[in-house]
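**Student:** For reference, this is start_30.json, and it has JSON, C-alpha atoms and all ligand atoms.
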[["chain", "number", "residue", "atom", "x", "y", "z"],
["A", 1, "MET", "CA", -20.76, 11.16, -8.54],
["A", 2, "ILE", "CA", -17.12, 10.26, -8.46],
["A", 3, "LEU", "CA", -15.51, 9.43, -11.81],
["A", 4, "PHE", "CA", -12.47, 7.15, -11.59],
["A", 5, "PHE", "CA", -10.01, 7.14, -14.48],
["A", 6, "LYS", "CA", -7.69, 4.72, -16.17],
["A", 7, "PRO", "CA", -4.61, 6.85, -16.85],
["A", 8, "VAL", "CA", -2.59, 7.13, -20.06],
["A", 9, "LEU", "CA", 1.10, 6.21, -19.70],
["A", 10, "THR", "CA", 3.73, 7.59, -22.06],
["A", 11, "HIS", "CA", 7.17, 6.49, -23.25],
["A", 12, "ASN", "CA", 9.86, 9.18, -23.18],
["A", 13, "ILE", "CA", 13.60, 9.22, -23.84],
["A", 14, "TRP", "CA", 14.15, 10.42, -20.27],
["A", 15, "GLY", "CA", 11.74, 7.87, -18.71],
["A", 16, "GLY", "CA", 12.39, 4.80, -16.56],
["A", 17, "THR", "CA", 10.50, 2.11, -14.65],
["A", 18, "LYS", "CA", 9.28, 3.86, -11.49],
["A", 19, "LEU", "CA", 5.72, 4.29, -12.74],
["A", 20, "ARG", "CA", 5.51, 0.51, -12.97],
["A", 21, "ASP", "CA", 7.73, -0.54, -10.06],
["A", 22, "ILE", "CA", 6.62, 1.98, -7.46],
["A", 23, "TRP", "CA", 3.30, 3.27, -8.76],
["A", 24, "LYS", "CA", 2.11, -0.15, -10.01],
["A", 25, "TYR", "CA", 0.79, 1.04, -13.36],
["A", 26, "ASP", "CA", 0.46, -1.82, -15.78],
["A", 27, "ILE", "CA", 2.78, -0.92, -18.66],
["A", 28, "ASP", "CA", 5.79, -2.50, -20.34],
["A", 29, "GLY", "CA", 9.04, -0.80, -21.22],
["A", 30, "ASN", "CA", 11.99, 0.87, -19.54],
["A", 31, "ASP", "CA", 11.25, 4.36, -20.80],
["A", 32, "ILE", "CA", 8.00, 5.24, -19.03],
["A", 33, "GLY", "CA", 8.01, 8.94, -18.26],
["A", 34, "GLU", "CA", 4.52, 10.22, -17.63],
["A", 35, "CYS", "CA", 1.20, 9.12, -16.24],
["A", 36, "TRP", "CA", -1.57, 11.37, -17.55],
["A", 37, "GLY", "CA", -3.97, 10.82, -14.69],
["A", 38, "ILE", "CA", -6.74, 13.28, -15.51],
["A", 39, "ALA", "CA", -6.54, 14.45, -19.09],
["A", 40, "ALA", "CA", -8.82, 15.16, -22.04],
["A", 41, "HIS", "CA", -6.25, 16.08, -24.64],
["A", 42, "ALA", "CA", -5.67, 14.79, -28.18],
["A", 43, "HIS", "CA", -2.34, 13.33, -26.96],
["A", 44, "GLY", "CA", -3.90, 11.65, -23.93],
["A", 45, "ASP", "CA", -7.59, 11.28, -23.13],
["A", 46, "VAL", "CA", -8.36, 9.20, -20.03],
["A", 47, "VAL", "CA", -11.20, 6.69, -19.90],
["A", 48, "VAL", "CA", -13.65, 6.26, -17.02],
["A", 49, "SER", "CA", -12.87, 2.91, -15.39],
["A", 50, "GLU", "CA", -16.15, 2.06, -13.62],
["A", 51, "GLY", "CA", -19.79, 2.99, -13.12],
["A", 52, "LYS", "CA", -22.41, 4.47, -15.40],
["A", 53, "TYR", "CA", -19.90, 6.16, -17.71],
["A", 54, "ALA", "CA", -17.34, 3.32, -17.82],
["A", 55, "GLY", "CA", -15.44, 3.23, -21.12],
["A", 56, "LYS", "CA", -16.15, 6.84, -22.04],
["A", 57, "HIS", "CA", -13.35, 9.33, -22.56],
["A", 58, "LEU", "CA", -13.19, 12.39, -20.37],
["A", 59, "SER", "CA", -13.38, 14.56, -23.51],
["A", 60, "GLU", "CA", -16.70, 12.89, -24.47],
["A", 61, "LEU", "CA", -18.15, 13.50, -21.03],
["A", 62, "TRP", "CA", -17.07, 17.13, -21.21],
["A", 63, "ARG", "CA", -18.76, 17.47, -24.61],
["A", 64, "ASP", "CA", -21.90, 15.39, -24.08],
["A", 65, "TYR", "CA", -22.68, 15.74, -20.36],
["A", 66, "PRO", "CA", -21.88, 19.35, -19.42],
["A", 67, "GLU", "CA", -24.14, 19.06, -16.37],
["A", 68, "LEU", "CA", -21.44, 16.89, -14.72],
["A", 69, "PHE", "CA", -19.18, 19.93, -14.66],
["A", 70, "TYR", "CA", -21.69, 22.71, -14.28],
["A", 71, "ALA", "CA", -21.86, 25.26, -11.51],
["A", 72, "GLN", "CA", -23.58, 28.59, -11.34],
["A", 73, "GLY", "CA", -21.28, 31.32, -12.58],
["A", 74, "TYR", "CA", -18.98, 28.88, -14.34],
["A", 75, "GLN", "CA", -18.84, 29.02, -18.11],
["A", 76, "ASN", "CA", -17.67, 25.73, -19.62],
["A", 77, "SER", "CA", -15.07, 26.27, -22.30],
["A", 78, "ASP", "CA", -14.81, 24.21, -25.49],
["A", 79, "ARG", "CA", -12.21, 21.91, -23.89],
["A", 80, "PHE", "CA", -11.61, 20.40, -20.48],
["A", 81, "PRO", "CA", -9.49, 23.04, -18.72],
["A", 82, "LEU", "CA", -6.94, 21.05, -16.68],
["A", 83, "LEU", "CA", -4.39, 18.29, -17.01],
["A", 84, "VAL", "CA", -2.88, 16.34, -14.10],
["A", 85, "LYS", "CA", 0.21, 14.17, -14.57],
["A", 86, "ILE", "CA", 2.69, 12.22, -12.53],
["A", 87, "ILE", "CA", 6.14, 12.60, -14.04],
["A", 88, "ALA", "CA", 8.95, 10.21, -13.10],
["A", 89, "ALA", "CA", 12.22, 11.26, -14.71],
["A", 90, "ASP", "CA", 15.26, 9.00, -14.87],
["A", 91, "LYS", "CA", 17.21, 11.47, -16.98],
["A", 92, "ASP", "CA", 17.03, 15.23, -17.45],
["A", 93, "LEU", "CA", 14.14, 16.64, -19.48],
["A", 94, "SER", "CA", 14.81, 19.26, -22.13],
["A", 95, "ILE", "CA", 14.90, 22.89, -21.09],
["A", 96, "GLN", "CA", 11.69, 24.51, -22.16],
["A", 97, "VAL", "CA", 9.24, 27.36, -21.83],
["A", 98, "HIS", "CA", 5.50, 27.75, -22.43],
["A", 99, "PRO", "CA", 3.67, 30.69, -23.99],
["A", 100, "ASP", "CA", 0.75, 32.51, -22.40],
["A", 101, "ASP", "CA", -2.80, 32.34, -23.82],
["A", 102, "GLU", "CA", -2.36, 35.40, -25.97],
["A", 103, "TYR", "CA", 0.81, 34.22, -27.71],
["A", 104, "ALA", "CA", -0.54, 30.67, -28.15],
["A", 105, "ARG", "CA", -3.82, 31.90, -29.60],
["A", 106, "GLU", "CA", -1.98, 33.96, -32.19],
["A", 107, "HIS", "CA", 0.84, 31.56, -33.08],
["A", 108, "GLU", "CA", -0.55, 28.08, -32.27],
["A", 109, "ASN", "CA", -3.95, 27.89, -33.99],
["A", 110, "GLY", "CA", -5.99, 29.16, -31.07],
["A", 111, "SER", "CA", -4.42, 26.80, -28.55],
["A", 112, "LEU", "CA", -4.24, 27.72, -24.86],
["A", 113, "GLY", "CA", -1.03, 28.84, -23.23],
["A", 114, "LYS", "CA", 0.25, 26.95, -20.26],
["A", 115, "THR", "CA", 0.60, 27.73, -16.59],
["A", 116, "GLU", "CA", 1.79, 24.71, -14.66],
["A", 117, "CYS", "CA", 2.97, 23.78, -11.19],
["A", 118, "TRP", "CA", 4.89, 20.94, -9.59],
["A", 119, "TYR", "CA", 4.63, 19.19, -6.24],
["A", 120, "ILE", "CA", 7.80, 17.18, -5.57],
["A", 121, "LEU", "CA", 6.92, 13.61, -4.53],
["A", 122, "ASP", "CA", 10.39, 12.15, -4.49],
["A", 123, "CYS", "CA", 13.92, 13.19, -5.35],
["A", 124, "GLU", "CA", 17.51, 12.37, -4.59],
["A", 125, "GLU", "CA", 19.57, 14.31, -2.08],
["A", 126, "ASP", "CA", 21.03, 17.46, -3.63],
["A", 127, "SER", "CA", 18.40, 17.42, -6.39],
["A", 128, "LYS", "CA", 17.96, 20.51, -8.47],
["A", 129, "LEU", "CA", 15.40, 21.82, -10.92],
["A", 130, "VAL", "CA", 15.90, 24.33, -13.68],
["A", 131, "VAL", "CA", 13.63, 27.30, -12.88],
["A", 132, "GLY", "CA", 14.38, 30.63, -14.54],
["A", 133, "HIS", "CA", 17.59, 31.92, -16.11],
["A", 134, "ASN", "CA", 20.38, 34.36, -15.34],
["A", 135, "ALA", "CA", 20.02, 36.91, -18.14],
["A", 136, "LYS", "CA", 19.34, 40.41, -16.87],
["A", 137, "THR", "CA", 18.20, 41.95, -20.13],
["A", 138, "LYS", "CA", 16.62, 40.85, -23.39],
["A", 139, "GLU", "CA", 19.92, 41.49, -25.21],
["A", 140, "GLU", "CA", 21.77, 39.29, -22.75],
["A", 141, "LEU", "CA", 19.12, 36.59, -23.13],
["A", 142, "ASP", "CA", 19.44, 36.59, -26.92],
["A", 143, "SER", "CA", 23.23, 36.50, -26.84],
["A", 144, "MET", "CA", 23.40, 33.72, -24.21],
["A", 145, "ILE", "CA", 21.06, 31.59, -26.34],
["A", 146, "ASP", "CA", 22.72, 32.45, -29.68],
["A", 147, "ASP", "CA", 26.19, 31.71, -28.26],
["A", 148, "LYS", "CA", 24.93, 28.54, -26.49],
["A", 149, "ARG", "CA", 26.28, 29.74, -23.13],
["A", 150, "TRP", "CA", 23.98, 27.25, -21.42],
["A", 151, "ASN", "CA", 25.87, 26.96, -18.12],
["A", 152, "GLU", "CA", 25.70, 30.71, -17.67],
["A", 153, "PHE", "CA", 22.11, 30.94, -18.85],
["A", 154, "ILE", "CA", 20.39, 28.17, -16.93],
["A", 155, "ARG", "CA", 19.42, 28.78, -13.30],
["A", 156, "GLU", "CA", 19.21, 25.69, -11.12],
["A", 157, "ILE", "CA", 17.54, 25.74, -7.71],
["A", 158, "PRO", "CA", 17.87, 23.10, -4.98],
["A", 159, "ILE", "CA", 14.67, 21.21, -4.21],
["A", 160, "HIS", "CA", 13.37, 18.72, -1.66],
["A", 161, "LYS", "CA", 10.45, 16.35, -1.25],
["A", 162, "GLY", "CA", 7.34, 18.43, -0.47],
["A", 163, "ASP", "CA", 8.46, 21.52, -2.40],
["A", 164, "PHE", "CA", 5.90, 23.19, -4.61],
["A", 165, "ILE", "CA", 6.93, 25.26, -7.61],
["A", 166, "SER", "CA", 4.72, 27.48, -9.80],
["A", 167, "ILE", "CA", 5.79, 27.71, -13.42],
["A", 168, "LEU", "CA", 4.15, 30.72, -15.00],
["A", 169, "PRO", "CA", 4.20, 31.15, -18.79],
["A", 170, "GLY", "CA", 7.56, 32.57, -19.86],
["A", 171, "THR", "CA", 9.49, 30.68, -17.14],
["A", 172, "VAL", "CA", 12.42, 28.60, -18.40],
["A", 173, "HIS", "CA", 12.17, 25.21, -16.69],
["A", 174, "ALA", "CA", 13.30, 21.61, -16.70],
["A", 175, "ILE", "CA", 12.85, 18.54, -14.56],
["A", 176, "LYS", "CA", 16.08, 16.72, -13.76],
["A", 177, "GLY", "CA", 16.71, 13.01, -13.57],
["A", 178, "GLY", "CA", 15.78, 11.27, -10.31],
["A", 179, "ILE", "CA", 12.75, 13.48, -9.63],
["A", 180, "THR", "CA", 9.15, 12.28, -9.36],
["A", 181, "LEU", "CA", 6.50, 14.97, -9.20],
["A", 182, "ILE", "CA", 2.86, 15.66, -9.74],
["A", 183, "GLU", "CA", 2.05, 18.36, -12.25],
["A", 184, "VAL", "CA", -1.16, 20.36, -12.52],
["A", 185, "GLN", "CA", -1.44, 22.49, -15.61],
["A", 186, "GLN", "CA", -3.70, 24.12, -18.13],
["A", 187, "ASN", "CA", -4.84, 21.67, -20.76],
["A", 188, "SER", "CA", -2.27, 22.51, -23.39],
["A", 189, "ASP", "CA", 0.70, 20.79, -24.93],
["A", 190, "ILE", "CA", 2.45, 23.84, -26.37],
["A", 191, "THR", "CA", 6.07, 23.60, -25.37],
["A", 192, "TYR", "CA", 9.02, 25.49, -26.80],
["A", 193, "ARG", "CA", 12.26, 23.59, -26.40],
["A", 194, "VAL", "CA", 15.19, 25.91, -25.72],
["A", 195, "TYR", "CA", 17.96, 23.36, -25.25],
["A", 196, "ASP", "CA", 18.09, 19.56, -25.20],
["A", 197, "TYR", "CA", 21.66, 18.88, -24.00],
["A", 198, "ASP", "CA", 22.52, 18.05, -27.64],
["A", 199, "ARG", "CA", 20.92, 14.62, -27.19],
["A", 200, "LEU", "CA", 19.79, 12.41, -30.04],
["A", 201, "SER", "CA", 16.40, 10.73, -30.24],
["A", 202, "ASN", "CA", 16.26, 7.94, -32.87],
["A", 203, "GLY", "CA", 19.57, 9.25, -34.20],
["A", 204, "LYS", "CA", 18.43, 12.85, -34.58],
["A", 205, "PRO", "CA", 18.32, 15.87, -32.30],
["A", 206, "ARG", "CA", 14.77, 16.83, -31.28],
["A", 207, "ASP", "CA", 13.46, 20.12, -32.69],
["A", 208, "LEU", "CA", 14.31, 23.30, -30.86],
["A", 209, "HIS", "CA", 12.10, 26.39, -30.91],
["A", 210, "ILE", "CA", 14.59, 29.20, -30.46],
["A", 211, "ARG", "CA", 12.64, 32.04, -32.04],
["A", 212, "GLN", "CA", 9.47, 31.30, -30.08],
["A", 213, "SER", "CA", 11.46, 30.80, -26.87],
["A", 214, "LYS", "CA", 13.12, 34.19, -27.20],
["A", 215, "ASP", "CA", 9.68, 35.73, -27.84],
["A", 216, "VAL", "CA", 8.07, 34.34, -24.70],
["A", 217, "ILE", "CA", 10.80, 34.05, -22.03],
["A", 218, "THR", "CA", 10.25, 36.55, -19.21],
["A", 219, "VAL", "CA", 13.30, 38.78, -18.58],
["A", 220, "PRO", "CA", 14.52, 39.05, -15.92],
["A", 221, "ALA", "CA", 13.25, 35.80, -14.38],
["A", 222, "LEU", "CA", 11.19, 35.84, -11.16],
["A", 223, "ALA", "CA", 13.23, 35.36, -7.99],
["A", 224, "PRO", "CA", 13.18, 31.68, -6.90],
["A", 225, "ALA", "CA", 11.46, 32.62, -3.62],
["A", 226, "ASP", "CA", 8.51, 33.99, -5.60],
["A", 227, "SER", "CA", 7.72, 30.66, -7.18],
["A", 228, "LEU", "CA", 8.69, 28.15, -4.48],
["A", 229, "MET", "CA", 7.04, 26.99, -1.24],
["A", 230, "HIS", "CA", 7.54, 24.00, 1.03],
["A", 231, "ASP", "CA", 4.97, 21.62, 2.49],
["A", 232, "ASP", "CA", 6.19, 20.59, 5.97],
["A", 233, "ASP", "CA", 3.31, 18.09, 6.15],
["A", 234, "SER", "CA", 1.79, 19.61, 9.30],
["A", 235, "ALA", "CA", -1.48, 21.03, 7.92],
["A", 236, "GLU", "CA", -4.55, 18.96, 7.08],
["A", 237, "ILE", "CA", -5.23, 21.26, 4.11],
["A", 238, "LEU", "CA", -2.45, 23.27, 2.52],
["A", 239, "GLU", "CA", -3.30, 25.79, -0.15],
["A", 240, "LEU", "CA", -0.56, 25.62, -2.78],
["A", 241, "LEU", "CA", -1.68, 27.92, -5.55],
["A", 242, "LYS", "CA", -4.57, 30.14, -6.54],
["A", 243, "CYS", "CA", -4.28, 31.57, -10.03],
["A", 244, "LYS", "CA", -6.58, 32.66, -12.83],
["A", 245, "TYR", "CA", -6.79, 29.12, -14.23],
["A", 246, "PHE", "CA", -6.86, 26.81, -11.23],
["A", 247, "ASP", "CA", -6.59, 26.35, -7.48],
["A", 248, "VAL", "CA", -4.33, 23.59, -6.15],
["A", 249, "TRP", "CA", -4.24, 22.25, -2.61],
["A", 250, "ARG", "CA", -2.87, 19.28, -0.69],
["A", 251, "ILE", "CA", -5.13, 17.22, 1.58],
["A", 252, "LYS", "CA", -3.70, 15.01, 4.32],
["A", 253, "VAL", "CA", -6.12, 12.50, 5.81],
["A", 254, "ASP", "CA", -5.30, 10.85, 9.11],
["A", 255, "GLY", "CA", -8.46, 8.93, 10.04],
["A", 256, "GLU", "CA", -11.28, 10.91, 8.50],
["A", 257, "TYR", "CA", -11.70, 14.09, 6.51],
["A", 258, "ARG", "CA", -15.00, 15.66, 5.53],
["A", 259, "GLY", "CA", -14.80, 18.18, 2.69],
["A", 260, "ARG", "CA", -17.22, 20.48, 0.92],
["A", 261, "GLN", "CA", -16.88, 20.99, -2.78],
["A", 262, "ASP", "CA", -16.38, 24.68, -3.48],
["A", 263, "HIS", "CA", -15.43, 24.42, -7.16],
["A", 264, "PRO", "CA", -17.68, 23.38, -10.07],
["A", 265, "PHE", "CA", -15.83, 20.02, -10.01],
["A", 266, "THR", "CA", -12.68, 18.79, -8.30],
["A", 267, "LEU", "CA", -9.74, 16.70, -9.54],
["A", 268, "MET", "CA", -7.87, 14.49, -7.10],
["A", 269, "THR", "CA", -4.79, 12.27, -7.24],
["A", 270, "VAL", "CA", -3.69, 10.13, -4.30],
["A", 271, "PHE", "CA", 0.10, 10.24, -3.95],
["A", 272, "ASP", "CA", 0.57, 8.43, -0.68],
["A", 273, "GLY", "CA", -1.30, 5.84, 1.41],
["A", 274, "GLU", "CA", -4.72, 4.30, 0.95],
["A", 275, "GLY", "CA", -8.29, 4.57, 2.12],
["A", 276, "THR", "CA", -11.74, 5.35, 0.74],
["A", 277, "ILE", "CA", -13.73, 8.27, -0.61],
["A", 278, "ASP", "CA", -17.47, 7.94, -0.01],
["A", 279, "GLY", "CA", -16.91, 4.19, 0.29],
["A", 280, "HIS", "CA", -14.85, 3.74, -2.90],
["A", 281, "LYS", "CA", -11.38, 2.28, -2.39],
["A", 282, "ILE", "CA", -8.51, 4.61, -3.29],
["A", 283, "HIS", "CA", -4.75, 4.21, -3.06],
["A", 284, "ARG", "CA", -1.51, 5.74, -4.27],
["A", 285, "GLY", "CA", -1.92, 6.38, -8.00],
["A", 286, "SER", "CA", -5.74, 6.70, -7.98],
["A", 287, "HIS", "CA", -7.06, 9.57, -10.09],
["A", 288, "PHE", "CA", -10.65, 10.72, -9.84],
["A", 289, "LEU", "CA", -13.03, 13.64, -10.28],
["A", 290, "LEU", "CA", -15.89, 14.82, -8.10],
["A", 291, "THR", "CA", -18.68, 15.91, -10.43],
["A", 292, "ALA", "CA", -20.84, 18.97, -9.91],
["A", 293, "ASP", "CA", -23.56, 17.15, -7.97],
["A", 294, "VAL", "CA", -21.17, 16.30, -5.09],
["A", 295, "ASN", "CA", -21.63, 18.83, -2.28],
["A", 296, "GLU", "CA", -19.89, 17.00, 0.54],
["A", 297, "TYR", "CA", -17.54, 14.04, 0.56],
["A", 298, "CYS", "CA", -15.85, 11.90, 3.16],
["A", 299, "ILE", "CA", -12.32, 10.49, 2.86],
["A", 300, "LYS", "CA", -11.17, 7.83, 5.31],
["A", 301, "GLY", "CA", -7.80, 6.23, 5.84],
["A", 302, "ASN", "CA", -4.24, 7.48, 5.90],
["A", 303, "LEU", "CA", -3.46, 9.22, 2.70],
["A", 304, "LYS", "CA", -2.32, 12.33, 0.90],
["A", 305, "ILE", "CA", -3.97, 13.89, -2.09],
["A", 306, "ILE", "CA", -3.26, 16.70, -4.54],
["A", 307, "ALA", "CA", -6.55, 18.35, -5.46],
["A", 308, "SER", "CA", -7.33, 21.01, -8.01],
["A", 309, "GLY", "CA", -10.29, 22.85, -9.43],
["A", 310, "VAL", "CA", -11.12, 25.76, -11.66],
["A", 311, "PRO", "CA", -12.14, 28.86, -9.75],
["A", 312, "VAL", "CA", -15.40, 30.72, -10.13],
["A", 313, "ARG", "CA", -14.50, 34.26, -9.22],
["B", 401, "ZN", "ZN", 6.48, 22.57, -18.81]]
Rewrite the structure of this file - the entire thing - as structure tokens.
**Tutor:**
Amino acid sequence: MILFFKPVLTHNIWGGTKLRDIWKYDIDGNDIGECWGIAAHAHGDVVVSEGKYAGKHLSELWRDYPELFYAQGYQNSDRFPLLVKIIAADKDLSIQVHPDDEYAREHENGSLGKTECWYILDCEEDSKLVVGHNAKTKEELDSMIDDKRWNEFIREIPIHKGDFISILPGTVHAIKGGITLIEVQQNSDITYRVYDYDRLSNGKPRDLHIRQSKDVITVPALAPADSLMHDDDSAEILELLKCKYFDVWRIKVDGEYRGRQDHPFTLMTVFDGEGTIDGHKIHRGSHFLLTADVNEYCIKGNLKIIASGVPVR
């Protein structure tokens, strides 16, 4: 079965109108920042939009119908493992870092840590992302943060449409204004804000988490080349990331593509074009999930998809 979802849209101080104007999501406001396309989190829990399970939240399906997500060798956890978002930033997001599972379990009431990754859908010329920092040692890290030497501390890397960036726990990162991307991540919302450009939200600065950030930031940072790759759009299937928590790949369909499901279940978001999957219409902005009973599927049309699944290995 294919489950189609009605996404959850969020308002953010750095948001804009692209998710309505370009992506055609039905939401008011000029501060729309995120589309949670496939999510079963307390802060965003998508609803099935059609078929037998219409109206049910993804979290309910995960709890009440485990057979939809079951595969031999795969042990369902107590919560849906992944979260897929489209993020459209008009202004810069705060500079932040996520903990790993171990730190989050101990300090955040048993929450998961967060590994995430970004596929750049659109950006301006000369766009940059914050990925990593320039401190060589832990002492240097602490003093750069304590002394607010942000320009020295923050490492910006140039990015282009089609770039793919892995953000491991402990990586300082920030999305800059003008960038639209798709994010695949562990289902967690634990974020430590290192610096917020001294902005005010409703008249007050947003909370920073300096102690936790210093605890979890990896020093020195990974080299940019170790977390960045580029999709030149030539391959039908491009493997983007395989990690402990999820596999991510890009599918390009030009006419017809027949796939086999080799994960317990597969998440897909269409980011360009339109067509069908097993006869169901899909277009840019469609989010859906192939349940465990799907062995093979057929996508027709001209479109591009980011797909992800949890590995059984
Ligand atoms: Zn993040």
**Student:** From the options A:Ile305, A:Val294, A:Cys117, A:Leu208, which residue's atoms come nearest to ligand ZN 401 (chain B), counting only C-alpha atoms and all ligand atoms?
**Tutor:**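 Looking at the shortest contact to ligand ZN 401 (chain B), the residue is A:Cys117.
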**Student:** Please identify the residues whose atoms come within 8 Å of ligand ZN 401 (chain B), using only C-alpha atoms and all ligand atoms, and report them as a VMD selection string.
**Tutor:** chain A and resid 96 to 98 114 116 167 173 to 174 191
**Student:** Excluding same-chain residues fewer than 5 positions from range 55-57 of chain A, what lies within 6 Å of it counting only C-alpha atoms, as a PyMOL selection string?
**Tutor:** chain A and resi 46-48
**Student:** For each of A:Val8, A:Leu240, A:Met144, A:Ile154, take the minimum atom-to-atom distance to Ile95 in chain A, counting all atoms listed in the file, then give the residue where this is smallest.
**Tutor:**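 Residue with the minimum atom-to-atom distance to Ile95 in chain A: A:Ile154.
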**Student:** If we count only C-alpha atoms, what is near Glu256 in chain A at a cut-off of 10 Å, once residues fewer than 4 positions away on the same chain are taken out, given as a list of chain:residue names?
**Tutor:**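 Counting only C-alpha atoms, the residues come to A:Lys252, A:Gly275, A:Thr276, A:Ile277, A:Cys298, A:Ile299, A:Lys300, A:Gly301, A:Asn302, A:Leu303.
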**Student:** Add whatever atoms are absent from range 83-95 of chain A to reach N, CA and C atoms, and provide the output as an mmCIF file, in the coordinates of the input.
**Tutor:**
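Contents of selection.cif, freshly written:
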data_model
loop_
_atom_site.group_PDB
_atom_site.id
_atom_site.type_symbol
_atom_site.label_atom_id
_atom_site.label_comp_id
_atom_site.auth_asym_id
_atom_site.auth_seq_id
_atom_site.Cartn_x
_atom_site.Cartn_y
_atom_site.Cartn_z
ATOM 1 N N LEU A 83 -5.113 19.514 -16.689
ATOM 2 C CA LEU A 83 -4.390 18.290 -17.010
ATOM 3 C C LEU A 83 -3.516 17.969 -15.798
ATOM 4 N N VAL A 84 -3.649 16.748 -15.278
ATOM 5 C CA VAL A 84 -2.880 16.340 -14.100
ATOM 6 C C VAL A 84 -2.027 15.129 -14.482
ATOM 7 N N LYS A 85 -0.727 15.242 -14.219
ATOM 8 C CA LYS A 85 0.210 14.170 -14.570
ATOM 9 C C LYS A 85 1.078 13.808 -13.383
ATOM 10 N N ILE A 86 1.550 12.576 -13.377
ATOM 11 C CA ILE A 86 2.690 12.220 -12.530
ATOM 12 C C ILE A 86 3.864 12.041 -13.491
ATOM 13 N N ILE A 87 4.958 12.688 -13.186
ATOM 14 C CA ILE A 87 6.140 12.600 -14.040
ATOM 15 C C ILE A 87 7.263 11.963 -13.233
ATOM 16 N N ALA A 88 7.846 10.905 -13.784
ATOM 17 C CA ALA A 88 8.950 10.210 -13.100
ATOM 18 C C ALA A 88 10.136 10.211 -14.062
ATOM 19 N N ALA A 89 11.106 11.067 -13.787
ATOM 20 C CA ALA A 89 12.220 11.260 -14.710
ATOM 21 C C ALA A 89 13.442 10.463 -14.249
ATOM 22 N N ASP A 90 13.988 9.664 -15.147
ATOM 23 C CA ASP A 90 15.260 9.000 -14.870
ATOM 24 C C ASP A 90 16.419 9.890 -15.312
ATOM 25 N N LYS A 91 16.184 10.565 -16.442
ATOM 26 C CA LYS A 91 17.210 11.470 -16.980
ATOM 27 C C LYS A 91 16.626 12.880 -17.070
ATOM 28 N N ASP A 92 17.478 13.839 -17.379
ATOM 29 C CA ASP A 92 17.030 15.230 -17.450
ATOM 30 C C ASP A 92 16.078 15.450 -18.623
ATOM 31 N N LEU A 93 15.027 16.228 -18.382
ATOM 32 C CA LEU A 93 14.140 16.640 -19.480
ATOM 33 C C LEU A 93 14.740 17.851 -20.174
ATOM 34 N N SER A 94 14.300 18.095 -21.399
ATOM 35 C CA SER A 94 14.810 19.260 -22.130
ATOM 36 C C SER A 94 14.410 20.539 -21.406
ATOM 37 N N ILE A 95 15.161 21.588 -21.700
ATOM 38 C CA ILE A 95 14.900 22.890 -21.090
ATOM 39 C C ILE A 95 13.896 23.616 -21.969
#
